[in-house]
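Participant: Just so it is clear, I am handing over coords01.pdb, which has PDB, C-alpha atoms and all ligand atoms.
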```
ATOM      1  CA  MET A  11     111.513 118.059 118.981  1.00  0.00           C
ATOM      2  CA  ILE A  12     108.529 116.749 117.068  1.00  0.00           C
ATOM      3  CA  SER A  13     108.639 117.826 113.421  1.00  0.00           C
ATOM      4  CA  HIS A  14     106.142 115.443 111.846  1.00  0.00           C
ATOM      5  CA  VAL A  15     102.665 114.207 112.731  1.00  0.00           C
ATOM      6  CA  VAL A  16     101.216 111.006 111.281  1.00  0.00           C
ATOM      7  CA  TRP A  17      97.436 111.363 111.455  1.00  0.00           C
ATOM      8  CA  ASP A  18      94.942 108.554 111.700  1.00  0.00           C
ATOM      9  CA  TRP A  19      91.770 109.130 109.660  1.00  0.00           C
ATOM     10  CA  ASN A  20      88.654 107.272 110.931  1.00  0.00           C
ATOM     11  CA  GLY A  21      87.650 108.421 114.397  1.00  0.00           C
ATOM     12  CA  THR A  22      90.508 110.935 114.496  1.00  0.00           C
ATOM     13  CA  LEU A  23      90.313 113.477 111.647  1.00  0.00           C
ATOM     14  CA  LEU A  24      86.945 112.126 110.462  1.00  0.00           C
ATOM     15  CA  ASN A  25      83.958 111.970 112.787  1.00  0.00           C
ATOM     16  CA  ASP A  26      82.351 108.821 111.435  1.00  0.00           C
ATOM     17  CA  ASN A  27      81.069 107.209 114.643  1.00  0.00           C
ATOM     18  CA  ASP A  28      77.413 107.185 113.525  1.00  0.00           C
ATOM     19  CA  ALA A  29      78.290 105.582 110.189  1.00  0.00           C
ATOM     20  CA  VAL A  30      80.494 103.012 111.942  1.00  0.00           C
ATOM     21  CA  LEU A  31      77.714 102.026 114.326  1.00  0.00           C
ATOM     22  CA  ALA A  32      75.154 101.758 111.512  1.00  0.00           C
ATOM     23  CA  ALA A  33      77.584  99.592 109.537  1.00  0.00           C
ATOM     24  CA  VAL A  34      78.261  97.323 112.534  1.00  0.00           C
ATOM     25  CA  ASN A  35      74.512  96.987 112.993  1.00  0.00           C
ATOM     26  CA  ALA A  36      74.062  96.077 109.315  1.00  0.00           C
ATOM     27  CA  VAL A  37      76.321  93.104 110.092  1.00  0.00           C
ATOM     28  CA  CYS A  38      74.293  92.303 113.228  1.00  0.00           C
ATOM     29  CA  VAL A  39      71.030  92.261 111.258  1.00  0.00           C
ATOM     30  CA  ASP A  40      72.500  89.972 108.609  1.00  0.00           C
ATOM     31  CA  PHE A  41      73.810  87.546 111.234  1.00  0.00           C
ATOM     32  CA  GLY A  42      70.554  87.646 113.224  1.00  0.00           C
ATOM     33  CA  ARG A  43      71.926  89.482 116.226  1.00  0.00           C
ATOM     34  CA  ALA A  44      70.254  92.393 118.046  1.00  0.00           C
ATOM     35  CA  SER A  45      71.620  95.877 117.299  1.00  0.00           C
ATOM     36  CA  LEU A  46      74.380  97.365 119.446  1.00  0.00           C
ATOM     37  CA  THR A  47      74.646 100.767 121.082  1.00  0.00           C
ATOM     38  CA  TRP A  48      77.811 102.835 120.584  1.00  0.00           C
ATOM     39  CA  ALA A  49      78.888 102.035 124.159  1.00  0.00           C
ATOM     40  CA  GLU A  50      78.457  98.313 123.500  1.00  0.00           C
ATOM     41  CA  TRP A  51      80.559  98.568 120.325  1.00  0.00           C
ATOM     42  CA  GLN A  52      83.278 100.504 122.179  1.00  0.00           C
ATOM     43  CA  ALA A  53      83.312  97.809 124.843  1.00  0.00           C
ATOM     44  CA  VAL A  54      84.105  95.009 122.363  1.00  0.00           C
ATOM     45  CA  TYR A  55      86.286  97.004 119.958  1.00  0.00           C
ATOM     46  CA  ALA A  56      89.595  95.209 119.340  1.00  0.00           C
ATOM     47  CA  ARG A  57      92.178  94.474 116.676  1.00  0.00           C
ATOM     48  CA  PRO A  58      92.118  92.330 114.721  1.00  0.00           C
ATOM     49  CA  MET A  59      88.534  93.441 114.067  1.00  0.00           C
ATOM     50  CA  ARG A  60      87.488  89.845 113.534  1.00  0.00           C
ATOM     51  CA  VAL A  61      87.834  89.339 117.297  1.00  0.00           C
ATOM     52  CA  SER A  62      85.291  92.124 117.954  1.00  0.00           C
ATOM     53  CA  TYR A  63      82.749  90.467 115.676  1.00  0.00           C
ATOM     54  CA  GLU A  64      83.375  87.029 117.144  1.00  0.00           C
ATOM     55  CA  GLU A  65      82.603  88.544 120.519  1.00  0.00           C
ATOM     56  CA  ILE A  66      79.327  90.190 119.473  1.00  0.00           C
ATOM     57  CA  LEU A  67      78.209  87.219 117.355  1.00  0.00           C
ATOM     58  CA  GLU A  68      79.282  84.868 120.150  1.00  0.00           C
ATOM     59  CA  ARG A  69      81.076  82.387 117.905  1.00  0.00           C
ATOM     60  CA  LEU A  70      84.213  81.983 115.827  1.00  0.00           C
ATOM     61  CA  LEU A  71      84.057  83.139 112.197  1.00  0.00           C
ATOM     62  CA  ASP A  72      85.710  81.242 109.362  1.00  0.00           C
ATOM     63  CA  ASP A  73      87.505  83.145 106.573  1.00  0.00           C
ATOM     64  CA  GLU A  74      84.446  83.172 104.329  1.00  0.00           C
ATOM     65  CA  GLU A  75      82.214  84.557 107.082  1.00  0.00           C
ATOM     66  CA  TRP A  76      84.796  87.170 108.018  1.00  0.00           C
ATOM     67  CA  ALA A  77      84.952  88.296 104.382  1.00  0.00           C
ATOM     68  CA  ARG A  78      81.132  88.584 104.439  1.00  0.00           C
ATOM     69  CA  VAL A  79      81.243  90.672 107.648  1.00  0.00           C
ATOM     70  CA  ASP A  80      83.857  92.974 106.160  1.00  0.00           C
ATOM     71  CA  LYS A  81      81.896  93.357 102.912  1.00  0.00           C
ATOM     72  CA  LEU A  82      78.590  94.072 104.686  1.00  0.00           C
ATOM     73  CA  TYR A  83      80.283  96.578 106.954  1.00  0.00           C
ATOM     74  CA  HIS A  84      81.964  98.484 104.150  1.00  0.00           C
ATOM     75  CA  GLU A  85      78.885  98.535 101.890  1.00  0.00           C
ATOM     76  CA  ARG A  86      76.829 100.201 104.627  1.00  0.00           C
ATOM     77  CA  TYR A  87      79.697 102.452 105.673  1.00  0.00           C
ATOM     78  CA  ASP A  88      80.229 103.641 102.089  1.00  0.00           C
ATOM     79  CA  ALA A  89      76.532 104.400 101.716  1.00  0.00           C
ATOM     80  CA  LEU A  90      76.698 106.630 104.812  1.00  0.00           C
ATOM     81  CA  LEU A  91      80.055 108.279 104.198  1.00  0.00           C
ATOM     82  CA  HIS A  92      78.401 111.415 102.799  1.00  0.00           C
ATOM     83  CA  THR A  93      76.805 111.982 106.241  1.00  0.00           C
ATOM     84  CA  CYS A  94      80.201 112.130 108.018  1.00  0.00           C
ATOM     85  CA  GLY A  95      81.994 115.356 108.839  1.00  0.00           C
ATOM     86  CA  LEU A  96      85.454 116.376 109.951  1.00  0.00           C
ATOM     87  CA  ALA A  97      86.324 116.233 113.643  1.00  0.00           C
ATOM     88  CA  GLY A  98      86.365 119.416 115.705  1.00  0.00           C
ATOM     89  CA  GLY A  99      89.517 121.447 115.025  1.00  0.00           C
ATOM     90  CA  VAL A 100      89.946 120.092 111.473  1.00  0.00           C
ATOM     91  CA  PRO A 101      91.225 121.583 109.219  1.00  0.00           C
ATOM     92  CA  ALA A 102      92.277 124.501 111.464  1.00  0.00           C
ATOM     93  CA  GLU A 103      94.866 122.433 113.376  1.00  0.00           C
ATOM     94  CA  LEU A 104      96.269 120.958 110.159  1.00  0.00           C
ATOM     95  CA  ARG A 105      96.695 124.480 108.776  1.00  0.00           C
ATOM     96  CA  ARG A 106      98.319 125.708 111.986  1.00  0.00           C
ATOM     97  CA  TRP A 107     100.770 122.795 112.015  1.00  0.00           C
ATOM     98  CA  ALA A 108     101.716 123.393 108.369  1.00  0.00           C
ATOM     99  CA  GLU A 109     102.130 127.112 108.975  1.00  0.00           C
ATOM    100  CA  SER A 110     104.581 126.380 111.800  1.00  0.00           C
ATOM    101  CA  GLY A 111     106.897 124.860 109.166  1.00  0.00           C
ATOM    102  CA  ARG A 112     106.403 121.256 110.248  1.00  0.00           C
ATOM    103  CA  THR A 113     105.152 118.358 108.157  1.00  0.00           C
ATOM    104  CA  GLN A 114     102.310 115.847 108.461  1.00  0.00           C
ATOM    105  CA  SER A 115     101.051 112.772 106.685  1.00  0.00           C
ATOM    106  CA  LEU A 116      98.054 110.469 106.859  1.00  0.00           C
ATOM    107  CA  LEU A 117      98.050 106.742 107.514  1.00  0.00           C
ATOM    108  CA  SER A 118      94.775 104.845 107.600  1.00  0.00           C
ATOM    109  CA  MET A 119      93.705 101.206 107.746  1.00  0.00           C
ATOM    110  CA  TRP A 120      90.764 102.089 105.462  1.00  0.00           C
ATOM    111  CA  PHE A 121      91.010 101.111 101.793  1.00  0.00           C
ATOM    112  CA  HIS A 122      93.524 103.261  99.929  1.00  0.00           C
ATOM    113  CA  ASP A 123      91.353 103.633  96.826  1.00  0.00           C
ATOM    114  CA  ARG A 124      88.444 104.946  98.945  1.00  0.00           C
ATOM    115  CA  LEU A 125      90.628 107.026 101.248  1.00  0.00           C
ATOM    116  CA  VAL A 126      92.421 109.152  98.664  1.00  0.00           C
ATOM    117  CA  PRO A 127      89.303 110.566  96.923  1.00  0.00           C
ATOM    118  CA  THR A 128      87.614 111.125 100.307  1.00  0.00           C
ATOM    119  CA  ILE A 129      90.548 113.201 101.591  1.00  0.00           C
ATOM    120  CA  GLU A 130      90.395 115.118  98.318  1.00  0.00           C
ATOM    121  CA  GLN A 131      86.646 115.694  98.724  1.00  0.00           C
ATOM    122  CA  PHE A 132      87.293 117.263 102.126  1.00  0.00           C
ATOM    123  CA  GLU A 133      90.001 119.411 100.464  1.00  0.00           C
ATOM    124  CA  LEU A 134      92.705 118.157 102.816  1.00  0.00           C
ATOM    125  CA  THR A 135      95.103 116.531 100.318  1.00  0.00           C
ATOM    126  CA  GLY A 136      97.457 119.516 100.200  1.00  0.00           C
ATOM    127  CA  TYR A 137      98.238 119.319 103.910  1.00  0.00           C
ATOM    128  CA  PHE A 138      99.855 115.899 103.716  1.00  0.00           C
ATOM    129  CA  SER A 139     103.311 114.888 102.506  1.00  0.00           C
ATOM    130  CA  ARG A 140     101.975 111.374 101.972  1.00  0.00           C
ATOM    131  CA  ILE A 141      98.647 109.529 102.215  1.00  0.00           C
ATOM    132  CA  ASP A 142      98.621 105.764 102.749  1.00  0.00           C
ATOM    133  CA  GLY A 143      95.603 103.542 103.137  1.00  0.00           C
ATOM    134  CA  LEU A 144      95.118  99.798 103.048  1.00  0.00           C
ATOM    135  CA  ALA A 145      96.258  98.118  99.832  1.00  0.00           C
ATOM    136  CA  GLY A 146      94.262  94.858 100.038  1.00  0.00           C
ATOM    137  CA  ASP A 147      90.507  94.288  99.920  1.00  0.00           C
ATOM    138  CA  VAL A 148      89.864  92.820 103.390  1.00  0.00           C
ATOM    139  CA  GLY A 149      90.367  95.232 106.276  1.00  0.00           C
ATOM    140  CA  GLY A 150      90.703  95.054 110.022  1.00  0.00           C
ATOM    141  CA  GLY A 151      94.376  94.294 110.606  1.00  0.00           C
ATOM    142  CA  SER A 152      97.013  95.956 112.780  1.00  0.00           C
ATOM    143  CA  LYS A 153      98.743  99.204 111.812  1.00  0.00           C
ATOM    144  CA  THR A 154     102.296  98.302 112.821  1.00  0.00           C
ATOM    145  CA  ASP A 155     103.681  97.125 109.459  1.00  0.00           C
ATOM    146  CA  SER A 156     101.897  99.916 107.602  1.00  0.00           C
ATOM    147  CA  LEU A 157     103.433 102.516 109.915  1.00  0.00           C
ATOM    148  CA  LEU A 158     106.941 101.150 109.391  1.00  0.00           C
ATOM    149  CA  ARG A 159     106.476 101.325 105.605  1.00  0.00           C
ATOM    150  CA  HIS A 160     104.895 104.789 105.861  1.00  0.00           C
ATOM    151  CA  LEU A 161     107.888 106.186 107.801  1.00  0.00           C
ATOM    152  CA  GLU A 162     110.433 104.494 105.570  1.00  0.00           C
ATOM    153  CA  ALA A 163     108.795 105.802 102.395  1.00  0.00           C
ATOM    154  CA  GLN A 164     109.264 109.338 103.715  1.00  0.00           C
ATOM    155  CA  ASP A 165     112.727 108.763 105.174  1.00  0.00           C
ATOM    156  CA  LEU A 166     111.457 109.933 108.569  1.00  0.00           C
ATOM    157  CA  ASP A 167     113.348 109.406 111.826  1.00  0.00           C
ATOM    158  CA  PRO A 168     110.776 107.889 114.235  1.00  0.00           C
ATOM    159  CA  ALA A 169     112.230 110.064 117.012  1.00  0.00           C
ATOM    160  CA  ASP A 170     110.896 113.177 115.215  1.00  0.00           C
ATOM    161  CA  VAL A 171     107.398 111.729 114.729  1.00  0.00           C
ATOM    162  CA  VAL A 172     104.176 111.536 116.732  1.00  0.00           C
ATOM    163  CA  LEU A 173     101.217 109.446 115.623  1.00  0.00           C
ATOM    164  CA  ILE A 174      97.804 110.847 116.575  1.00  0.00           C
ATOM    165  CA  GLY A 175      95.054 108.228 116.606  1.00  0.00           C
ATOM    166  CA  ASP A 176      91.944 107.016 118.404  1.00  0.00           C
ATOM    167  CA  VAL A 177      92.497 103.338 119.210  1.00  0.00           C
ATOM    168  CA  VAL A 178      94.903 101.183 121.219  1.00  0.00           C
ATOM    169  CA  ASP A 179      96.317  99.740 117.996  1.00  0.00           C
ATOM    170  CA  ASP A 180      97.578 103.224 117.054  1.00  0.00           C
ATOM    171  CA  ALA A 181      99.657 103.268 120.272  1.00  0.00           C
ATOM    172  CA  VAL A 182     100.856  99.688 119.675  1.00  0.00           C
ATOM    173  CA  ALA A 183     101.992 100.594 116.148  1.00  0.00           C
ATOM    174  CA  ALA A 184     103.714 103.762 117.373  1.00  0.00           C
ATOM    175  CA  GLU A 185     105.578 101.877 120.070  1.00  0.00           C
ATOM    176  CA  SER A 186     106.736  99.192 117.631  1.00  0.00           C
ATOM    177  CA  ALA A 187     107.932 101.806 115.159  1.00  0.00           C
ATOM    178  CA  GLY A 188     109.603 103.964 117.811  1.00  0.00           C
ATOM    179  CA  THR A 189     107.456 107.068 117.290  1.00  0.00           C
ATOM    180  CA  GLY A 190     105.572 109.009 119.922  1.00  0.00           C
ATOM    181  CA  CYS A 191     101.801 108.746 120.199  1.00  0.00           C
ATOM    182  CA  VAL A 192      98.892 110.839 121.438  1.00  0.00           C
ATOM    183  CA  LEU A 193      95.391 109.364 121.505  1.00  0.00           C
ATOM    184  CA  VAL A 194      92.040 111.165 121.250  1.00  0.00           C
ATOM    185  CA  THR A 195      88.801 109.991 122.856  1.00  0.00           C
ATOM    186  CA  THR A 196      86.639 111.059 119.871  1.00  0.00           C
ATOM    187  CA  GLY A 197      86.599 107.646 118.197  1.00  0.00           C
ATOM    188  CA  ALA A 198      85.993 103.957 118.661  1.00  0.00           C
ATOM    189  CA  MET A 199      87.433 103.355 122.129  1.00  0.00           C
ATOM    190  CA  THR A 200      86.756 104.557 125.662  1.00  0.00           C
ATOM    191  CA  ARG A 201      89.183 106.727 127.632  1.00  0.00           C
ATOM    192  CA  THR A 202      89.622 103.865 130.102  1.00  0.00           C
ATOM    193  CA  ALA A 203      90.726 101.505 127.330  1.00  0.00           C
ATOM    194  CA  LEU A 204      93.022 104.122 125.764  1.00  0.00           C
ATOM    195  CA  GLU A 205      94.663 104.913 129.096  1.00  0.00           C
ATOM    196  CA  THR A 206      95.891 101.314 129.416  1.00  0.00           C
ATOM    197  CA  THR A 207      98.467 102.132 126.711  1.00  0.00           C
ATOM    198  CA  GLY A 208     100.303 104.613 128.920  1.00  0.00           C
ATOM    199  CA  VAL A 209     100.472 107.259 126.155  1.00  0.00           C
ATOM    200  CA  PRO A 210      98.815 110.687 126.631  1.00  0.00           C
ATOM    201  CA  VAL A 211      95.050 110.617 126.085  1.00  0.00           C
ATOM    202  CA  THR A 212      93.276 113.853 125.086  1.00  0.00           C
ATOM    203  CA  SER A 213      89.660 114.691 124.334  1.00  0.00           C
ATOM    204  CA  SER A 214      90.219 116.601 121.068  1.00  0.00           C
ATOM    205  CA  ILE A 215      92.559 117.259 118.149  1.00  0.00           C
ATOM    206  CA  GLN A 216      93.263 120.724 119.554  1.00  0.00           C
ATOM    207  CA  GLU A 217      94.399 119.275 122.887  1.00  0.00           C
ATOM    208  CA  ALA A 218      96.486 116.615 121.165  1.00  0.00           C
ATOM    209  CA  VAL A 219      98.364 119.165 119.051  1.00  0.00           C
ATOM    210  CA  GLN A 220      98.749 121.459 122.063  1.00  0.00           C
ATOM    211  CA  LEU A 221     100.606 118.660 123.865  1.00  0.00           C
ATOM    212  CA  LEU A 222     103.177 118.572 121.045  1.00  0.00           C
ATOM    213  CA  ASP A 223     103.871 122.277 121.448  1.00  0.00           C
ATOM    214  CA  ASP A 224     104.246 122.161 125.235  1.00  0.00           C
TER
HETATM  215 MG    MG A 301      90.949 105.430 113.809  1.00  0.00          MG
END
```
Starting from the file, give its structure as structure tokens.
Ligand SMILES: [Mg+2]
Facilitator:
Amino acid sequence: MISHVVWDWNGTLLNDNDAVLAAVNAVCVDFGRASLTWAEWQAVYARPMRVSYEEILERLLDDEEWARVDKLYHERYDALLHTCGLAGGVPAELRRWAESGRTQSLLSMWFHDRLVPTIEQFELTGYFSRIDGLAGDVGGGSKTDSLLRHLEAQDLDPADVVLIGDVVDDAVAAESAGTGCVLVTTGAMTRTALETTGVPVTSSIQEAVQLLDD
């Protein structure tokens, strides 16, 4: 019986695809590469993120260049954040889940000090038993260690938990931590890529939550 959902933020609860693409293209401009379409970005999307950029820039990046990519990306993304909205079914599904007496928390690989005020701005803070973002100042890593810490901090049994996210790395983290996982196709990766994980793939938050009640 699933009693707790760990939500991903970007691409799952937040519909930020347009801002993500604009931010990726800000990097492309700076590095002298032609702009990408959303489909092209989805096709190269991988973790660690550095690999995705090495693919589109067609060369390896040293640490200094990777830091520049990450900085350029986040500057543009931050400037466009105000244009992003919540995904379909949010906050209705969060409210419904809470009203059923179950708990939920939020775990993101976006910077913690940007994440917390953004969640507050969308008036979602009260739904979550815990909100964890990325502690450092260079992003793009895997979620596995963060998920383990997130579960431990709340004394959650992984068997009671499902992670809902939008990328393969969400499923990888869930498997490592021993939680369930449902993926949504609203974010950075294609259904075909998500289906390689073997976990259920749904096209919306509503469908994802419905699966947990079945
Ligand atoms: Mg995401």
Participant: Which chains and residue numbers are within 8 Å of ligand MG 301 (chain A), counting only C-alpha atoms and all ligand atoms, if I want them as a PyMOL selection string?
Facilitator: chain A and resi 18-22+118-119+175-177+180+197-198
Participant: Determine, counting only C-alpha atoms, which protein, DNA and RNA residues have an atom within 9 Å of an atom of Ala187 of chain A; residues of the same chain fewer than 2 positions away are not included. Present the result as an NGL selection string.
Facilitator: :A and (154-155 or 157-158 or 161 or 168 or 182-185 or 189-190)
Participant: Could you state which residues are captured by the PyMOL selection byres (((chain A and resi 98) around 12) and not hetatm) in this file, as a ChimeraX atom specification?
Facilitator: /A:21-25,95-97,99-104,194,196,213-218
Participant: Please save C-alpha atoms of the selected residues as an mmCIF file, keeping the file's coordinate frame.
Facilitator:
```cif
data_model
loop_
_atom_site.group_PDB
_atom_site.id
_atom_site.type_symbol
_atom_site.label_atom_id
_atom_site.label_comp_id
_atom_site.auth_asym_id
_atom_site.auth_seq_id
_atom_site.Cartn_x
_atom_site.Cartn_y
_atom_site.Cartn_z
ATOM 1 C CA GLY A 21 87.650 108.421 114.397
ATOM 2 C CA THR A 22 90.508 110.935 114.496
ATOM 3 C CA LEU A 23 90.313 113.477 111.647
ATOM 4 C CA LEU A 24 86.945 112.126 110.462
ATOM 5 C CA ASN A 25 83.958 111.970 112.787
ATOM 6 C CA GLY A 95 81.994 115.356 108.839
ATOM 7 C CA LEU A 96 85.454 116.376 109.951
ATOM 8 C CA ALA A 97 86.324 116.233 113.643
ATOM 9 C CA GLY A 99 89.517 121.447 115.025
ATOM 10 C CA VAL A 100 89.946 120.092 111.473
ATOM 11 C CA PRO A 101 91.225 121.583 109.219
ATOM 12 C CA ALA A 102 92.277 124.501 111.464
ATOM 13 C CA GLU A 103 94.866 122.433 113.376
ATOM 14 C CA LEU A 104 96.269 120.958 110.159
ATOM 15 C CA VAL A 194 92.040 111.165 121.250
ATOM 16 C CA THR A 196 86.639 111.059 119.871
ATOM 17 C CA SER A 213 89.660 114.691 124.334
ATOM 18 C CA SER A 214 90.219 116.601 121.068
ATOM 19 C CA ILE A 215 92.559 117.259 118.149
ATOM 20 C CA GLN A 216 93.263 120.724 119.554
ATOM 21 C CA GLU A 217 94.399 119.275 122.887
ATOM 22 C CA ALA A 218 96.486 116.615 121.165
#
```
Participant: Mind pulling up the distance from atom CA of Thr93 of chain A to atom CA of Cys38 of chain A?
Facilitator: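 Going from atom CA of Cys38 of chain A over to atom CA of Thr93 of chain A, I get 21.0 Å.
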Participant: Please enumerate the residues selected by the PyMOL selection byres (((chain A and resi 139) around 7) and not hetatm) when evaluated against the supplied file, formatted as a list in words.
Facilitator: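 Evaluating the PyMOL selection byres (((chain A and resi 139) around 7) and not hetatm) on these coordinates yields Thr113, Gln114, Ser115, Tyr137, Phe138 and Arg140 of chain A.
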Participant: Nearest to Glu64 of chain A among A:Ala29, A:Phe41, A:Ala108, A:Glu85, with distances taken over only C-alpha atoms: which residue is it?
Facilitator: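 The answer is A:Phe41, which sits nearest to Glu64 of chain A.
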Participant: For Trp17 of chain A, list every protein, DNA or RNA residue within 6 Å, evaluated using all atoms listed in the file, and leave out those in the same chain fewer than 3 positions away; present the list as a list in words.
Facilitator: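 In the requested form, the answer reads Leu116, Leu173 and Ile174 of chain A.
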Participant: With C-alpha atoms kept, could you save the residues just selected as a short mmCIF file (atom, residue, chain, number, x, y, z; two decimals), in the frame of the given file?
Facilitator:
```cif
data_model
loop_
_atom_site.label_atom_id
_atom_site.label_comp_id
_atom_site.auth_asym_id
_atom_site.auth_seq_id
_atom_site.Cartn_x
_atom_site.Cartn_y
_atom_site.Cartn_z
CA LEU A 116 98.05 110.47 106.86
CA LEU A 173 101.22 109.45 115.62
CA ILE A 174 97.80 110.85 116.58
#
```
Participant: For the file shown, report as a PyMOL selection string the outcome of the PyMOL selection byres (((chain A and resi 46) around 10) and not hetatm) at residue level.
Facilitator: chain A and resi 31-32+34-35+38+43-45+47-52+66
Participant: Any chance you could export the current selection's C-alpha atoms as a PDB file, in the coordinates of the input?
Facilitator:
```pdb
ATOM      1  CA  LEU A  31      77.714 102.026 114.326  1.00  0.00           C
ATOM      2  CA  ALA A  32      75.154 101.758 111.512  1.00  0.00           C
ATOM      3  CA  VAL A  34      78.261  97.323 112.534  1.00  0.00           C
ATOM      4  CA  ASN A  35      74.512  96.987 112.993  1.00  0.00           C
ATOM      5  CA  CYS A  38      74.293  92.303 113.228  1.00  0.00           C
ATOM      6  CA  ARG A  43      71.926  89.482 116.226  1.00  0.00           C
ATOM      7  CA  ALA A  44      70.254  92.393 118.046  1.00  0.00           C
ATOM      8  CA  SER A  45      71.620  95.877 117.299  1.00  0.00           C
ATOM      9  CA  THR A  47      74.646 100.767 121.082  1.00  0.00           C
ATOM     10  CA  TRP A  48      77.811 102.835 120.584  1.00  0.00           C
ATOM     11  CA  ALA A  49      78.888 102.035 124.159  1.00  0.00           C
ATOM     12  CA  GLU A  50      78.457  98.313 123.500  1.00  0.00           C
ATOM     13  CA  TRP A  51      80.559  98.568 120.325  1.00  0.00           C
ATOM     14  CA  GLN A  52      83.278 100.504 122.179  1.00  0.00           C
ATOM     15  CA  ILE A  66      79.327  90.190 119.473  1.00  0.00           C
TER      16      ILE A  66
END
```
Participant: To one decimal place in Å, what is the distance between atom CA of Val209 of chain A and atom CA of Val192 of chain A?
Facilitator: 6.1 Å
Participant: So how many Å separate atom CA of Asp40 of chain A and atom CA of Gly146 of chain A, to one decimal?
Facilitator: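 Computed distance, atom CA of Asp40 of chain A to atom CA of Gly146 of chain A, equals 23.9 Å.
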Participant: Put a box with edges along x, y and z around all the listed atoms of segment 40-53 of chain A, pad it by 4 Å on each side, then give me its centre and sizes in Å, one decimal, as AutoDock Vina command-line options.
Facilitator:
```
--center_x 76.8 --center_y 95.2 --center_z 116.7 --size_x 21.1 --size_y 23.3 --size_z 24.2
```
Participant: Between A:Arg201, A:Ile12, A:Ile141, A:Arg57, single out the one closest to Gln164 of chain A, counting only C-alpha atoms.
Facilitator: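 The answer is A:Ile141, which sits nearest to Gln164 of chain A.
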Participant: Could you tell me which of A:Asp165, A:Glu205, A:Glu75, A:Asp80 comes closest to Val178 of chain A if we count all atoms listed in the file?
Facilitator: A:Glu205
Participant: Mind checking which residues fall within 9 Å of segment 124-129 of chain A, counting only C-alpha atoms, ignoring those fewer than 4 positions away in the same chain, and posting them as a list in words?
Facilitator: Trp19, Asp88, Leu91, Ser118, Trp120, Glu133, Leu134, Thr135, Ile141, Asp142, Gly143 and Leu144 of chain A
Participant: Between A:Leu221, A:Met11, A:Val16, A:Gly42, which is the closest to Ala181 of chain A once you count only C-alpha atoms?
Facilitator: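 The answer is A:Val16, which sits nearest to Ala181 of chain A.
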Participant: Write out as a PDB file with C-alpha atoms, in the frame of the given file each polymer residue whose atoms come within 8 Å of Tyr83 of chain A, counting only C-alpha atoms; drop sequence neighbours fewer than 2 positions from it.
Facilitator:
```pdb
ATOM      1  CA  ALA A  33      77.584  99.592 109.537  1.00  0.00           C
ATOM      2  CA  VAL A  34      78.261  97.323 112.534  1.00  0.00           C
ATOM      3  CA  ALA A  36      74.062  96.077 109.315  1.00  0.00           C
ATOM      4  CA  VAL A  37      76.321  93.104 110.092  1.00  0.00           C
ATOM      5  CA  VAL A  79      81.243  90.672 107.648  1.00  0.00           C
ATOM      6  CA  ASP A  80      83.857  92.974 106.160  1.00  0.00           C
ATOM      7  CA  LYS A  81      81.896  93.357 102.912  1.00  0.00           C
ATOM      8  CA  GLU A  85      78.885  98.535 101.890  1.00  0.00           C
ATOM      9  CA  ARG A  86      76.829 100.201 104.627  1.00  0.00           C
ATOM     10  CA  TYR A  87      79.697 102.452 105.673  1.00  0.00           C
TER      11      TYR A  87
END
```
Participant: For Trp76 of chain A, list every protein, DNA or RNA residue within 12 Å, evaluated using all atoms listed in the file, and leave out those in the same chain fewer than 4 positions away; present the list as a list in words.
Facilitator: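 That gives Val37, Phe41, Pro58, Met59, Arg60, Val61, Ser62, Tyr63, Glu64, Leu67, Arg69, Leu70, Leu71, Asp72, Asp80, Lys81, Leu82, Tyr83, Val148, Gly149 and Gly150 of chain A.
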Participant: Please, could N, CA and C atoms be added to segment 24-33 of chain A and the result written as a PDB file, keeping the file's coordinate frame?
Facilitator:
```pdb
ATOM      1  N   LEU A  24      88.331 112.255 110.938  1.00  0.00           N
ATOM      2  CA  LEU A  24      86.945 112.126 110.462  1.00  0.00           C
ATOM      3  C   LEU A  24      86.039 111.661 111.602  1.00  0.00           C
ATOM      4  N   ASN A  25      84.962 112.389 111.798  1.00  0.00           N
ATOM      5  CA  ASN A  25      83.958 111.970 112.787  1.00  0.00           C
ATOM      6  C   ASN A  25      82.942 111.069 112.086  1.00  0.00           C
ATOM      7  N   ASP A  26      83.203 109.773 112.156  1.00  0.00           N
ATOM      8  CA  ASP A  26      82.351 108.821 111.435  1.00  0.00           C
ATOM      9  C   ASP A  26      81.693 107.812 112.383  1.00  0.00           C
ATOM     10  N   ASN A  27      81.593 108.165 113.655  1.00  0.00           N
ATOM     11  CA  ASN A  27      81.069 107.209 114.643  1.00  0.00           C
ATOM     12  C   ASN A  27      79.663 106.704 114.296  1.00  0.00           C
ATOM     13  N   ASP A  28      78.783 107.606 113.838  1.00  0.00           N
ATOM     14  CA  ASP A  28      77.413 107.185 113.525  1.00  0.00           C
ATOM     15  C   ASP A  28      77.388 106.206 112.346  1.00  0.00           C
ATOM     16  N   ALA A  29      78.222 106.475 111.351  1.00  0.00           N
ATOM     17  CA  ALA A  29      78.290 105.582 110.189  1.00  0.00           C
ATOM     18  C   ALA A  29      78.876 104.228 110.585  1.00  0.00           C
ATOM     19  N   VAL A  30      79.880 104.258 111.460  1.00  0.00           N
ATOM     20  CA  VAL A  30      80.494 103.012 111.942  1.00  0.00           C
ATOM     21  C   VAL A  30      79.454 102.161 112.669  1.00  0.00           C
ATOM     22  N   LEU A  31      78.704 102.789 113.557  1.00  0.00           N
ATOM     23  CA  LEU A  31      77.714 102.026 114.326  1.00  0.00           C
ATOM     24  C   LEU A  31      76.629 101.454 113.406  1.00  0.00           C
ATOM     25  N   ALA A  32      76.169 102.249 112.460  1.00  0.00           N
ATOM     26  CA  ALA A  32      75.154 101.758 111.512  1.00  0.00           C
ATOM     27  C   ALA A  32      75.698 100.586 110.701  1.00  0.00           C
ATOM     28  N   ALA A  33      76.971 100.659 110.334  1.00  0.00           N
ATOM     29  CA  ALA A  33      77.584  99.592 109.537  1.00  0.00           C
ATOM     30  C   ALA A  33      77.748  98.316 110.372  1.00  0.00           C
TER      31      ALA A  33
END
```
